[in-house]
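Next comes run_39.txt, a file with compact mmCIF, C-alpha atoms and all ligand atoms.
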# COMPACT_ATOMS: atom_id res chain seq x y z
CA MET F 1 -38.71 19.35 -5.76
CA ILE F 2 -40.13 15.91 -5.07
CA PHE F 3 -38.32 12.91 -6.44
CA GLU F 4 -37.96 9.35 -5.41
CA GLN F 5 -34.58 8.45 -3.98
CA SER F 6 -32.77 5.84 -6.04
CA LYS F 7 -32.44 2.26 -4.85
CA ARG F 8 -28.68 2.86 -4.65
CA ILE F 9 -28.98 5.80 -2.24
CA LYS F 10 -31.62 4.01 -0.18
CA SER F 11 -29.28 1.04 0.21
CA LEU F 12 -26.70 3.21 2.00
CA PRO F 13 -27.23 3.46 5.78
CA PRO F 14 -26.43 6.67 7.69
CA TYR F 15 -22.67 6.91 8.32
CA ALA F 16 -22.17 4.76 11.42
CA LEU F 17 -19.32 6.85 12.80
CA GLY F 18 -21.42 10.02 12.45
CA ALA F 19 -23.18 9.93 15.85
CA VAL F 20 -19.97 10.33 17.84
CA LYS F 21 -18.69 12.97 15.44
CA SER F 22 -21.77 15.18 15.82
CA LEU F 23 -21.52 14.87 19.61
CA MET F 24 -17.89 16.02 19.32
CA HIS F 25 -19.04 19.14 17.44
CA GLU F 26 -21.62 19.82 20.19
CA GLU F 27 -18.96 19.53 22.90
CA ARG F 28 -16.57 21.79 20.99
CA ALA F 29 -19.35 24.35 20.48
CA LYS F 30 -19.59 24.50 24.30
CA GLY F 31 -15.91 25.49 24.35
CA ILE F 32 -14.60 22.10 25.49
CA ASP F 33 -11.16 21.19 24.16
CA VAL F 34 -11.88 17.76 22.71
CA ILE F 35 -8.91 15.64 21.61
CA ASP F 36 -9.89 14.03 18.34
CA LEU F 37 -8.52 10.51 17.97
CA GLY F 38 -11.48 9.54 15.79
CA MET F 39 -10.72 9.75 12.10
CA GLY F 40 -7.46 8.42 10.57
CA ASN F 41 -6.61 11.75 9.00
CA PRO F 42 -2.82 12.37 9.19
CA ASP F 43 -2.07 15.62 11.05
CA LYS F 44 1.51 16.16 9.85
CA PRO F 45 2.41 17.92 6.58
CA THR F 46 3.56 16.30 3.34
CA PRO F 47 7.41 16.28 3.15
CA GLN F 48 8.76 19.57 1.80
CA HIS F 49 10.49 18.21 -1.33
CA ILE F 50 7.15 16.81 -2.55
CA VAL F 51 5.31 20.09 -1.88
CA ASP F 52 8.11 22.02 -3.66
CA LYS F 53 7.71 19.87 -6.77
CA LEU F 54 3.94 20.44 -6.76
CA CYS F 55 4.45 24.23 -6.61
CA GLU F 56 7.09 24.17 -9.36
CA VAL F 57 4.91 22.19 -11.78
CA ALA F 58 1.76 24.15 -10.90
CA ARG F 59 3.46 27.27 -12.30
CA ASP F 60 3.75 25.65 -15.74
CA PRO F 61 0.67 26.51 -17.85
CA LYS F 62 1.08 23.27 -19.79
CA ALA F 63 0.28 21.40 -16.56
CA HIS F 64 -3.19 22.94 -16.26
CA ARG F 65 -4.94 20.94 -18.98
CA TYR F 66 -6.79 17.66 -18.56
CA SER F 67 -4.36 14.97 -17.44
CA VAL F 68 -4.29 11.26 -18.25
CA SER F 69 -6.97 9.12 -16.60
CA LYS F 70 -4.78 6.08 -15.99
CA GLY F 71 -1.85 8.22 -14.78
CA LEU F 72 1.18 9.74 -16.54
CA SER F 73 3.56 7.17 -17.96
CA GLY F 74 6.36 8.51 -15.70
CA LEU F 75 4.14 8.05 -12.64
CA ARG F 76 3.26 4.47 -13.52
CA LYS F 77 6.97 3.78 -14.05
CA ALA F 78 7.76 5.40 -10.69
CA VAL F 79 5.43 3.13 -8.72
CA ALA F 80 6.76 0.08 -10.61
CA PHE F 81 10.26 1.27 -9.60
CA ARG F 82 9.17 1.52 -5.93
CA TYR F 83 7.77 -2.04 -5.95
CA LYS F 84 10.97 -3.32 -7.58
CA GLU F 85 13.11 -1.53 -4.97
CA ASP F 86 11.00 -2.54 -1.98
CA PHE F 87 9.95 -6.10 -2.89
CA ASN F 88 11.76 -7.08 -6.08
CA ILE F 89 8.33 -7.31 -7.75
CA ASP F 90 8.19 -6.72 -11.52
CA LEU F 91 5.22 -4.70 -12.77
CA ASP F 92 4.58 -3.67 -16.36
CA PRO F 93 3.79 0.07 -16.07
CA GLU F 94 1.70 -0.10 -19.25
CA LYS F 95 -0.54 -3.01 -18.37
CA GLU F 96 -0.26 -3.73 -14.69
CA VAL F 97 -0.45 -0.25 -13.14
CA ILE F 98 -3.14 2.43 -13.00
CA ALA F 99 -3.31 5.59 -10.88
CA THR F 100 -6.50 6.23 -8.90
CA ILE F 101 -7.88 9.28 -7.10
CA GLY F 102 -7.02 7.73 -3.76
CA ALA F 103 -7.59 4.09 -2.84
CA LYS F 104 -11.17 4.92 -1.83
CA GLU F 105 -12.13 6.03 -5.33
CA GLY F 106 -10.19 3.18 -6.91
CA ILE F 107 -11.83 0.49 -4.78
CA SER F 108 -15.29 1.97 -5.36
CA HIS F 109 -14.93 2.03 -9.12
CA LEU F 110 -13.24 -1.35 -9.22
CA ALA F 111 -16.24 -2.85 -7.41
CA MET F 112 -18.45 -1.33 -10.13
CA ALA F 113 -16.18 -2.70 -12.84
CA LEU F 114 -16.19 -6.23 -11.40
CA LEU F 115 -19.70 -6.63 -9.98
CA GLY F 116 -23.23 -6.24 -11.24
CA ASP F 117 -26.65 -6.48 -9.60
CA GLY F 118 -26.79 -9.34 -7.09
CA ASP F 119 -23.16 -10.45 -7.57
CA GLN F 120 -21.58 -11.49 -4.28
CA ALA F 121 -18.30 -10.47 -2.65
CA LEU F 122 -16.49 -11.78 0.42
CA VAL F 123 -15.55 -8.89 2.71
CA PRO F 124 -13.93 -8.84 6.17
CA ASN F 125 -15.94 -7.62 9.16
CA PRO F 126 -15.01 -5.34 10.87
CA THR F 127 -13.27 -3.32 8.20
CA TYR F 128 -12.66 0.09 6.65
CA PRO F 129 -16.20 1.07 5.61
CA ILE F 130 -15.63 1.51 1.85
CA HIS F 131 -14.60 -2.15 1.57
CA LEU F 132 -18.22 -2.95 2.29
CA TYR F 133 -20.03 0.01 0.76
CA SER F 134 -18.16 -0.13 -2.55
CA ILE F 135 -19.86 -3.51 -3.03
CA VAL F 136 -23.26 -2.15 -1.97
CA ILE F 137 -22.96 0.89 -4.28
CA ALA F 138 -22.07 -1.42 -7.16
CA GLY F 139 -25.33 -3.32 -6.54
CA GLY F 140 -23.52 -6.35 -5.17
CA LYS F 141 -24.14 -8.35 -2.01
CA VAL F 142 -21.69 -8.61 0.86
CA ILE F 143 -20.81 -11.90 2.52
CA SER F 144 -19.06 -11.07 5.81
CA MET F 145 -15.89 -12.88 6.80
CA PRO F 146 -15.69 -12.37 10.60
CA LEU F 147 -12.33 -11.22 11.94
CA LEU F 148 -12.13 -12.69 15.41
CA LYS F 149 -9.78 -12.08 18.31
CA GLU F 150 -9.17 -15.84 18.70
CA ASN F 151 -7.80 -15.90 15.14
CA ASN F 152 -5.76 -12.70 15.61
CA PHE F 153 -8.27 -10.91 13.34
CA ILE F 154 -7.08 -12.94 10.35
CA ILE F 155 -9.58 -14.30 7.81
CA ASP F 156 -10.11 -18.03 8.31
CA LEU F 157 -10.17 -19.35 4.75
CA ASN F 158 -11.20 -22.81 5.99
CA LYS F 159 -14.45 -21.35 7.33
CA ILE F 160 -15.53 -20.03 3.92
CA LYS F 161 -17.86 -22.72 2.57
CA MET F 162 -18.26 -21.63 -1.04
CA SER F 163 -20.86 -24.30 -1.89
CA GLN F 164 -23.42 -22.63 0.40
CA TYR F 165 -23.49 -19.45 -1.66
CA SER F 166 -25.59 -18.86 -4.73
CA PRO F 167 -24.55 -17.16 -6.90
CA LYS F 168 -20.93 -18.03 -6.16
CA PRO F 169 -18.96 -15.02 -4.88
CA LYS F 170 -16.84 -13.33 -7.56
CA VAL F 171 -14.59 -11.16 -5.41
CA LEU F 172 -12.58 -11.56 -2.21
CA LEU F 173 -11.55 -8.29 -0.60
CA LEU F 174 -8.91 -8.11 2.10
CA SER F 175 -6.55 -5.61 3.66
CA TYR F 176 -3.45 -6.22 5.81
CA PRO F 177 -2.11 -4.39 7.81
CA HIS F 178 -5.73 -4.04 8.77
CA ASN F 179 -7.81 -1.03 9.70
CA PRO F 180 -9.29 -1.02 12.36
CA THR F 181 -7.86 -4.16 14.04
CA THR F 182 -4.15 -3.45 13.18
CA ALA F 183 -3.81 -7.18 12.41
CA THR F 184 -1.05 -8.35 10.10
CA VAL F 185 -0.41 -11.52 8.09
CA ASP F 186 2.67 -13.29 6.78
CA LEU F 187 3.45 -14.13 3.17
CA LYS F 188 2.23 -17.71 3.67
CA PHE F 189 -1.28 -16.35 4.32
CA PHE F 190 -1.22 -14.50 0.97
CA GLU F 191 0.01 -17.70 -0.72
CA ASP F 192 -2.99 -19.53 0.75
CA VAL F 193 -5.27 -16.73 -0.53
CA VAL F 194 -3.83 -17.15 -4.05
CA ALA F 195 -4.46 -20.93 -3.95
CA PHE F 196 -7.99 -20.41 -2.62
CA ALA F 197 -8.77 -17.77 -5.27
CA LYS F 198 -7.48 -20.04 -8.04
CA GLN F 199 -9.55 -22.94 -6.78
CA GLU F 200 -12.72 -20.87 -6.39
CA ASN F 201 -12.26 -18.54 -9.36
CA LEU F 202 -12.26 -15.38 -7.24
CA VAL F 203 -10.79 -11.98 -8.03
CA VAL F 204 -8.73 -10.77 -5.05
CA ILE F 205 -8.60 -7.08 -4.14
CA HIS F 206 -5.95 -6.33 -1.52
CA ASP F 207 -5.92 -2.87 0.08
CA TYR F 208 -2.34 -2.12 1.22
CA ALA F 209 -2.88 1.42 2.52
CA TYR F 210 -0.46 0.91 5.46
CA LYS F 211 2.49 -0.45 3.45
CA ASP F 212 5.00 1.93 5.04
CA LEU F 213 3.61 2.42 8.54
CA HIS F 214 5.50 -0.31 10.39
CA PHE F 215 7.68 -0.39 13.50
CA ASP F 216 9.93 -2.49 15.72
CA GLY F 217 11.67 -4.16 12.76
CA TYR F 218 8.47 -5.65 11.31
CA LYS F 219 7.72 -5.20 7.57
CA PRO F 220 4.27 -6.18 6.29
CA PRO F 221 4.36 -8.18 3.03
CA SER F 222 2.74 -7.07 -0.22
CA PHE F 223 0.08 -9.40 -1.62
CA LEU F 224 1.95 -9.24 -4.94
CA GLN F 225 4.94 -10.98 -3.31
CA ALA F 226 2.90 -14.19 -3.20
CA LYS F 227 3.65 -16.44 -6.17
CA GLY F 228 0.81 -16.26 -8.70
CA ALA F 229 -0.85 -13.21 -7.04
CA LYS F 230 -0.98 -11.34 -10.34
CA ASP F 231 -2.96 -14.25 -11.85
CA VAL F 232 -5.80 -13.72 -9.41
CA GLY F 233 -5.89 -10.14 -8.28
CA VAL F 234 -4.72 -6.62 -7.63
CA GLU F 235 -3.32 -4.52 -4.81
CA PHE F 236 -4.15 -0.91 -3.92
CA TYR F 237 -1.25 1.14 -2.68
CA SER F 238 -1.90 4.73 -1.58
CA LEU F 239 0.41 7.69 -0.98
CA THR F 240 -2.00 9.00 1.68
CA LYS F 241 -0.38 7.43 4.73
CA SER F 242 3.14 6.74 3.45
CA TYR F 243 3.85 10.41 2.62
CA ASN F 244 1.10 12.27 4.58
CA MET F 245 -0.67 13.05 1.30
CA ALA F 246 -4.29 12.46 2.40
CA GLY F 247 -5.72 15.56 0.73
CA TRP F 248 -3.82 15.05 -2.52
CA ARG F 249 -5.89 12.01 -3.54
CA ILE F 250 -3.44 9.69 -5.21
CA ALA F 251 -3.08 5.92 -5.11
CA PHE F 252 -2.54 2.97 -7.46
CA CYS F 253 -4.13 -0.29 -8.46
CA LEU F 254 -1.41 -2.83 -9.34
CA GLY F 255 -1.39 -6.37 -10.62
CA ASN F 256 -3.70 -8.41 -12.85
CA GLU F 257 -3.72 -7.05 -16.38
CA LYS F 258 -7.39 -7.85 -17.12
CA VAL F 259 -8.65 -6.32 -13.88
CA ILE F 260 -6.56 -3.17 -14.45
CA SER F 261 -7.82 -2.92 -18.01
CA ASP F 262 -11.48 -3.06 -16.88
CA LEU F 263 -10.85 -0.41 -14.22
CA ALA F 264 -9.06 1.76 -16.80
CA LYS F 265 -12.01 1.39 -19.17
CA LEU F 266 -14.55 2.51 -16.53
CA LYS F 267 -12.35 5.36 -15.27
CA GLY F 268 -11.76 6.50 -18.84
CA TYR F 269 -15.47 7.35 -18.96
CA MET F 270 -15.59 8.90 -15.52
CA ASP F 271 -12.52 11.08 -15.01
CA TYR F 272 -9.70 12.91 -16.76
CA GLY F 273 -7.04 11.94 -14.29
CA ILE F 274 -5.45 13.62 -11.30
CA PHE F 275 -4.13 17.21 -11.66
CA THR F 276 -0.76 16.90 -13.44
CA PRO F 277 1.31 18.75 -10.75
CA ILE F 278 0.08 16.21 -8.17
CA GLN F 279 1.11 13.32 -10.42
CA VAL F 280 4.57 14.80 -11.00
CA ALA F 281 5.02 15.47 -7.27
CA ALA F 282 4.01 11.86 -6.63
CA ILE F 283 6.87 10.75 -8.90
CA THR F 284 9.19 12.76 -6.64
CA ALA F 285 7.70 11.01 -3.61
CA LEU F 286 8.16 7.52 -5.06
CA LYS F 287 11.63 8.00 -6.56
CA GLY F 288 13.13 10.31 -3.93
CA ASP F 289 14.79 9.51 -0.62
CA GLN F 290 12.52 7.18 1.38
CA LYS F 291 13.83 8.41 4.74
CA CYS F 292 10.64 10.48 5.02
CA THR F 293 8.36 7.42 5.18
CA ALA F 294 10.42 5.96 8.03
CA GLU F 295 10.21 9.30 9.85
CA ILE F 296 6.43 9.41 9.39
CA ALA F 297 6.09 5.86 10.77
CA ASP F 298 8.28 6.76 13.73
CA VAL F 299 5.92 9.56 14.78
CA TYR F 300 3.11 7.00 15.10
CA ARG F 301 5.37 4.57 16.98
CA VAL F 302 6.18 7.18 19.63
CA ARG F 303 2.51 8.19 19.95
CA ARG F 304 1.50 4.53 20.18
CA ASP F 305 3.84 4.08 23.14
CA VAL F 306 2.58 7.22 24.90
CA LEU F 307 -1.04 6.12 24.55
CA ILE F 308 -0.64 2.43 25.36
CA ASP F 309 1.81 2.92 28.25
CA GLY F 310 -0.38 5.71 29.65
CA LEU F 311 -3.57 3.66 29.45
CA ALA F 312 -1.80 0.64 30.99
CA LYS F 313 -0.93 2.81 34.02
CA ALA F 314 -4.60 3.74 34.20
CA GLY F 315 -5.51 0.02 34.23
CA TRP F 316 -6.48 -0.49 30.57
CA ASN F 317 -4.12 -3.00 28.99
CA ILE F 318 -3.98 -3.02 25.19
CA PRO F 319 -1.53 -4.98 23.02
CA LYS F 320 0.96 -2.87 21.03
CA PRO F 321 0.48 -3.05 17.25
CA ASN F 322 3.55 -3.09 15.00
CA THR F 323 1.81 -1.37 12.07
CA THR F 324 -0.75 1.31 11.11
CA MET F 325 -1.65 4.57 12.86
CA PHE F 326 -4.34 2.99 15.05
CA ILE F 327 -4.89 1.30 18.38
CA TRP F 328 -7.66 -1.32 18.54
CA ALA F 329 -8.74 -1.55 22.14
CA GLU F 330 -11.11 -4.02 23.74
CA ILE F 331 -13.55 -2.14 25.96
CA PRO F 332 -12.79 -2.81 29.67
CA ASP F 333 -15.19 -5.38 31.22
CA LYS F 334 -16.79 -2.81 33.49
CA PHE F 335 -18.09 -0.86 30.45
CA LYS F 336 -18.57 -3.64 27.90
CA ALA F 337 -22.32 -4.08 28.35
CA MET F 338 -23.01 -0.48 27.29
CA GLY F 339 -21.69 -1.15 23.76
CA SER F 340 -19.07 0.70 21.75
CA VAL F 341 -21.22 3.68 20.71
CA GLU F 342 -22.31 4.52 24.27
CA PHE F 343 -18.78 3.91 25.61
CA SER F 344 -17.37 6.27 22.97
CA LYS F 345 -19.93 8.89 23.94
CA LEU F 346 -19.00 8.48 27.61
CA ILE F 347 -15.30 8.99 26.82
CA LEU F 348 -16.23 12.05 24.82
CA ARG F 349 -18.52 13.63 27.41
CA GLU F 350 -16.48 12.83 30.51
CA GLY F 351 -12.96 12.50 29.16
CA ALA F 352 -13.08 15.00 26.24
CA VAL F 353 -11.59 12.45 23.81
CA THR F 354 -13.09 11.27 20.53
CA VAL F 355 -12.60 7.63 19.54
CA SER F 356 -14.34 5.52 16.89
CA PRO F 357 -16.80 2.91 18.15
CA GLY F 358 -15.90 -0.55 16.86
CA ILE F 359 -19.39 -1.23 15.57
CA GLY F 360 -18.88 1.56 13.03
CA PHE F 361 -16.62 -0.90 11.17
CA GLY F 362 -19.15 -3.75 11.19
CA GLU F 363 -20.99 -5.79 13.81
CA TYR F 364 -17.94 -7.93 14.59
CA GLY F 365 -16.20 -4.72 15.71
CA GLU F 366 -18.58 -4.44 18.67
CA GLY F 367 -16.79 -4.61 22.02
CA TYR F 368 -13.90 -2.45 20.77
CA VAL F 369 -12.99 1.17 20.11
CA ARG F 370 -10.35 2.49 17.74
CA PHE F 371 -7.92 5.29 18.52
CA ALA F 372 -6.29 7.12 15.58
CA LEU F 373 -2.88 8.51 16.55
CA VAL F 374 -3.42 11.88 14.89
CA GLU F 375 -2.68 14.28 17.75
CA ASN F 376 0.74 15.09 19.19
CA GLU F 377 2.32 13.46 22.26
CA GLU F 378 1.27 16.21 24.68
CA ARG F 379 -2.32 16.01 23.49
CA ILE F 380 -2.25 12.21 23.74
CA LYS F 381 -1.03 12.51 27.35
CA GLN F 382 -3.95 14.86 27.98
CA ALA F 383 -6.28 12.29 26.35
CA VAL F 384 -4.93 9.60 28.71
CA ARG F 385 -5.71 11.83 31.71
CA GLY F 386 -9.27 12.31 30.42
CA ILE F 387 -9.80 8.59 29.86
CA LYS F 388 -8.33 7.75 33.27
CA LYS F 389 -11.09 9.83 34.86
CA VAL F 390 -13.69 7.76 32.98
CA LEU F 391 -12.04 4.47 33.95
CA GLU F 392 -11.93 5.45 37.63
CA ARG F 393 -15.64 6.21 37.65
CA LYS F 394 -17.65 4.06 40.05
C1 LIG N 401 -7.62 0.47 4.74
C2 LIG N 401 -7.68 1.82 4.13
N1 LIG N 401 -7.74 1.92 2.80
C3 LIG N 401 -7.79 3.11 2.19
C4 LIG N 401 -7.82 4.29 2.93
C5 LIG N 401 -7.92 5.59 2.21
O1 LIG N 401 -6.94 5.72 1.25
P1 LIG N 401 -6.99 6.92 0.23
O2 LIG N 401 -6.73 8.18 0.98
O3 LIG N 401 -5.91 6.59 -0.75
O4 LIG N 401 -8.35 6.92 -0.40
C6 LIG N 401 -7.78 4.23 4.31
C7 LIG N 401 -7.83 5.48 5.10
O5 LIG N 401 -7.99 5.51 6.28
C8 LIG N 401 -7.72 2.97 4.92
O6 LIG N 401 -7.69 2.84 6.24
Starting from the file, lay out its structure as C-alpha cells.
Ligand SMILES: Cc1ncc(COP(=O)(O)O)c(C=O)c1O
Amino acid sequence: MIFEQSKRIKSLPPYALGAVKSLMHEERAKGIDVIDLGMGNPDKPTPQHIVDKLCEVARDPKAHRYSVSKGLSGLRKAVAFRYKEDFNIDLDPEKEVIATIGAKEGISHLAMALLGDGDQALVPNPTYPIHLYSIVIAGGKVISMPLLKENNFIIDLNKIKMSQYSPKPKVLLLSYPHNPTTATVDLKFFEDVVAFAKQENLVVIHDYAYKDLHFDGYKPPSFLQAKGAKDVGVEFYSLTKSYNMAGWRIAFCLGNEKVISDLAKLKGYMDYGIFTPIQVAAITALKGDQKCTAEIADVYRVRRDVLIDGLAKAGWNIPKPNTTMFIWAEIPDKFKAMGSVEFSKLILREGAVTVSPGIGFGEYGEGYVRFALVENEERIKQAVRGIKKVLERK
C-alpha cells in the first residue's frame, strides 16, 4: 500500500537513544554479557501486597468491564489522601485529580488538550524526551530552556524573554527532580515559577515522577506546595518509580480544575480508563504502609554509591545525586571531543556497558552520559571494571 505519511509522523525524528540500543542487541547476539544501564526501567518487582490486591480483584468478574476514564472515585480519593499525608496539600478528588495511563500518556494528551497548531511551549533541554515530543505531536512548537551546569541544571527564569516570542508561549513544562540531570530545586524556585506563570499567563505542567526516590535526608518539594500553584498549573505524579509499577501504567494529573477538566474531556473520548484491578491495587499502594517506597529508594542509593565510588577509583569523578535512579556524568576530557553517542558506543564495545548518550535528551545534554541504576550491585561492580578498561585506554 502506498500512502503519504502524515505531517505529524514526519515531524517525529528517529528515536535518538535507538542507535546505542541496537548496538547493544548486536553485542548481545555475539554472546557478550552487556550490562544495561541505559533505560530507566525499574528491575525490582512491585511490592507483594500490591500484587496480591491486583490478583484478588482480577478474580472478580465485575472488575472485567470498562472502567472509569478519569479513575475510580476511591483511587482519586487515595491520591488526595497521599498528598495530604505527605505535604498537607488539599486536593478535591472530584475536580482536581484525574488518573492517567502513566505520566507519559497523561503528558502527551495534556499537550494536545492545551495546544493547537503553532502554539508555543517552553521546555527544558536536556529533558525526558516526551516533554518535548508531546508538544511536537500536538502540533505545537518547542522553545528550549537550556539547563546548564553553571546554573546547577535549573531553569533560569530571568533568561526567558517573553516579548521576543510570537505567538506568546502558552505552556511552561518542568520536572524536578530532573531526568536526566538529577537536578533538584527548592520550594522558593516553585514560588518564583508561580509568580512568573501568573505574570505571563502560562499554564505550568510539572512532572514529579521521582517524588519518592530521594536519599541522604533530602526530600524534593511538590510544585503544589507553592502558594498559588493550583491557580496556574498541574503536577503529574506516577506510581511507576515510587512502587516499581512501570508496566502497570498508572499515574495522576493533579491541580488546576480547568486544566484537569480539559484533560478529562479529551481522555473521555480516547480511553475507557485503566483496568479496574490495577486501579484498586493502586489504592492499596497509596493508602498502605509507605515503608516500601523508602526501601525502593534505598536500593538506588546503595547502587549509586557502588557506581560513583567505583568510577572515582578509576579516575572518573562524578557528583553524587540525592534523588532519582540516575547518574548524570560529564564525559572525561580525554573522550569529550568524540561526543556522547560515540563515547557511549565505545563503552558498549570495549566495556560491555550500555549508557544513554546525553544528546539523546536534547542538544544541551551533549558532553554527558546517563547511567540508570537498574542492575544489581554485583553487576554494577562488573560495569565499573568494564568502564575502567575504557578509561585506561591510551
Ligand atoms: C521525568 C519522567 N516522567 C515520566 C516518566 C514515565 O512515567 P510513567 O511510567 O508514569 O509514564 C519517566 C520515566 O522514566 C520520567 O523519567
Residues within 9 Å of ligand LIG 401 (chain N), counting only C-alpha atoms and all ligand atoms, as a VMD selection string: chain F and resid 39 to 41 100 to 107 127 to 131 175 to 180 207 to 210 236 to 241 245 to 252 324
Atom CA of F:Thr276 to atom CA of F:Gln48, straight-line distance in Å: 18.2 Å
Contact residues around stretch 86-92 of chain F with only C-alpha atoms at 8 Å, ignoring same-chain residues under 4 positions, as a ChimeraX atom specification: /F:80,82,96-97,222,224-225,254-255
Per residue of stretch 42-123 of chain F within 8 Å of stretch 142-154 of chain F, which atom pair is closest and at what distance in Å (one decimal), using all atoms listed in the file, listed by chain and increasing number, as a tab-separated table?
residue	atom	partner	partner_atom	distance
F:Gln120	CA	F:Val142	CA	5.9
F:Ala121	CA	F:Val142	CA	5.2
F:Leu122	CA	F:Ile143	CA	4.8
F:Val123	CA	F:Ser144	CA	5.2
Output C-alpha atoms for every residue in that selection, as a PDB file, in the coordinates of the input.
ATOM      1  CA  GLN F 120     -21.580 -11.490  -4.280  1.00  0.00           C
ATOM      2  CA  ALA F 121     -18.300 -10.470  -2.650  1.00  0.00           C
ATOM      3  CA  LEU F 122     -16.490 -11.780   0.420  1.00  0.00           C
ATOM      4  CA  VAL F 123     -15.550  -8.890   2.710  1.00  0.00           C
TER       5      VAL F 123
END
Near-F:Gly367 list (10 Å; only C-alpha atoms; drop same-chain fewer than 5 positions) as an MDAnalysis selection string: chainID F and resid 329:333 335:341 343 357:359
Non-local contacts of stretch 159-162 of chain F (8 Å; all atoms listed in the file; under 3 positions in same chain excluded) as number ranges by chain: F: 145, 156, 165, 168-169, 200
For F:Leu17, the nearest of the candidates F:His49, F:Lys345, F:Lys95, F:Lys70, counting only C-alpha atoms: F:Lys345
Within 10 Å of F:Lys389 using all atoms listed in the file, minus same-chain residues under 2 positions, as an NGL selection string: :F and (314 or 347 or 350-351 or 384-387 or 391-393)
Mind completing stretch 213-219 of chain F with all heavy atoms? Output as an mmCIF file, in the coordinates of the input, please?
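Contents of selection-v7.cif, as written:
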data_model
loop_
_atom_site.group_PDB
_atom_site.id
_atom_site.type_symbol
_atom_site.label_atom_id
_atom_site.label_comp_id
_atom_site.auth_asym_id
_atom_site.auth_seq_id
_atom_site.Cartn_x
_atom_site.Cartn_y
_atom_site.Cartn_z
ATOM 1 N N LEU F 213 3.728 2.085 7.107
ATOM 2 C CA LEU F 213 3.610 2.420 8.540
ATOM 3 C C LEU F 213 3.865 1.172 9.380
ATOM 4 O O LEU F 213 2.952 0.474 9.786
ATOM 5 C CB LEU F 213 2.233 3.006 8.864
ATOM 6 C CG LEU F 213 1.838 4.295 8.149
ATOM 7 C CD1 LEU F 213 0.601 4.912 8.793
ATOM 8 C CD2 LEU F 213 2.970 5.317 8.113
ATOM 9 N N HIS F 214 5.154 0.866 9.581
ATOM 10 C CA HIS F 214 5.500 -0.310 10.390
ATOM 11 C C HIS F 214 6.634 0.041 11.337
ATOM 12 O O HIS F 214 7.421 0.955 11.075
ATOM 13 C CB HIS F 214 5.870 -1.491 9.484
ATOM 14 C CG HIS F 214 6.827 -1.148 8.386
ATOM 15 N ND1 HIS F 214 8.165 -1.023 8.596
ATOM 16 C CD2 HIS F 214 6.620 -0.872 7.069
ATOM 17 C CE1 HIS F 214 8.765 -0.702 7.458
ATOM 18 N NE2 HIS F 214 7.852 -0.591 6.511
ATOM 19 N N PHE F 215 6.685 -0.715 12.462
ATOM 20 C CA PHE F 215 7.680 -0.390 13.500
ATOM 21 C C PHE F 215 8.318 -1.651 14.068
ATOM 22 O O PHE F 215 7.881 -2.756 13.758
ATOM 23 C CB PHE F 215 7.024 0.354 14.681
ATOM 24 C CG PHE F 215 5.703 0.986 14.385
ATOM 25 C CD1 PHE F 215 4.519 0.439 14.858
ATOM 26 C CD2 PHE F 215 5.637 2.144 13.622
ATOM 27 C CE1 PHE F 215 3.292 1.036 14.590
ATOM 28 C CE2 PHE F 215 4.426 2.737 13.353
ATOM 29 C CZ PHE F 215 3.246 2.190 13.827
ATOM 30 N N ASP F 216 9.297 -1.411 14.931
ATOM 31 C CA ASP F 216 9.930 -2.490 15.720
ATOM 32 C C ASP F 216 10.517 -3.580 14.825
ATOM 33 O O ASP F 216 10.492 -4.764 15.162
ATOM 34 C CB ASP F 216 8.905 -3.140 16.692
ATOM 35 C CG ASP F 216 8.169 -2.114 17.550
ATOM 36 O OD1 ASP F 216 8.720 -1.019 17.758
ATOM 37 O OD2 ASP F 216 7.053 -2.419 18.017
ATOM 38 N N GLY F 217 11.000 -3.187 13.635
ATOM 39 C CA GLY F 217 11.670 -4.160 12.760
ATOM 40 C C GLY F 217 10.732 -5.006 11.916
ATOM 41 O O GLY F 217 11.177 -5.809 11.097
ATOM 42 N N TYR F 218 9.417 -4.856 12.100
ATOM 43 C CA TYR F 218 8.470 -5.650 11.310
ATOM 44 C C TYR F 218 8.214 -4.967 9.961
ATOM 45 O O TYR F 218 8.149 -3.745 9.881
ATOM 46 C CB TYR F 218 7.140 -5.781 12.075
ATOM 47 C CG TYR F 218 6.065 -6.451 11.239
ATOM 48 C CD1 TYR F 218 6.100 -7.824 11.010
ATOM 49 C CD2 TYR F 218 5.049 -5.693 10.656
ATOM 50 C CE1 TYR F 218 5.132 -8.425 10.217
ATOM 51 C CE2 TYR F 218 4.083 -6.299 9.869
ATOM 52 C CZ TYR F 218 4.131 -7.663 9.654
ATOM 53 O OH TYR F 218 3.191 -8.256 8.858
ATOM 54 N N LYS F 219 8.049 -5.758 8.881
ATOM 55 C CA LYS F 219 7.720 -5.200 7.570
ATOM 56 C C LYS F 219 6.566 -6.010 6.975
ATOM 57 O O LYS F 219 6.725 -7.214 6.734
ATOM 58 C CB LYS F 219 8.963 -5.290 6.678
ATOM 59 C CG LYS F 219 8.968 -4.225 5.621
ATOM 60 C CD LYS F 219 10.234 -4.213 4.814
ATOM 61 C CE LYS F 219 9.958 -3.438 3.538
ATOM 62 N NZ LYS F 219 10.829 -3.736 2.466
#
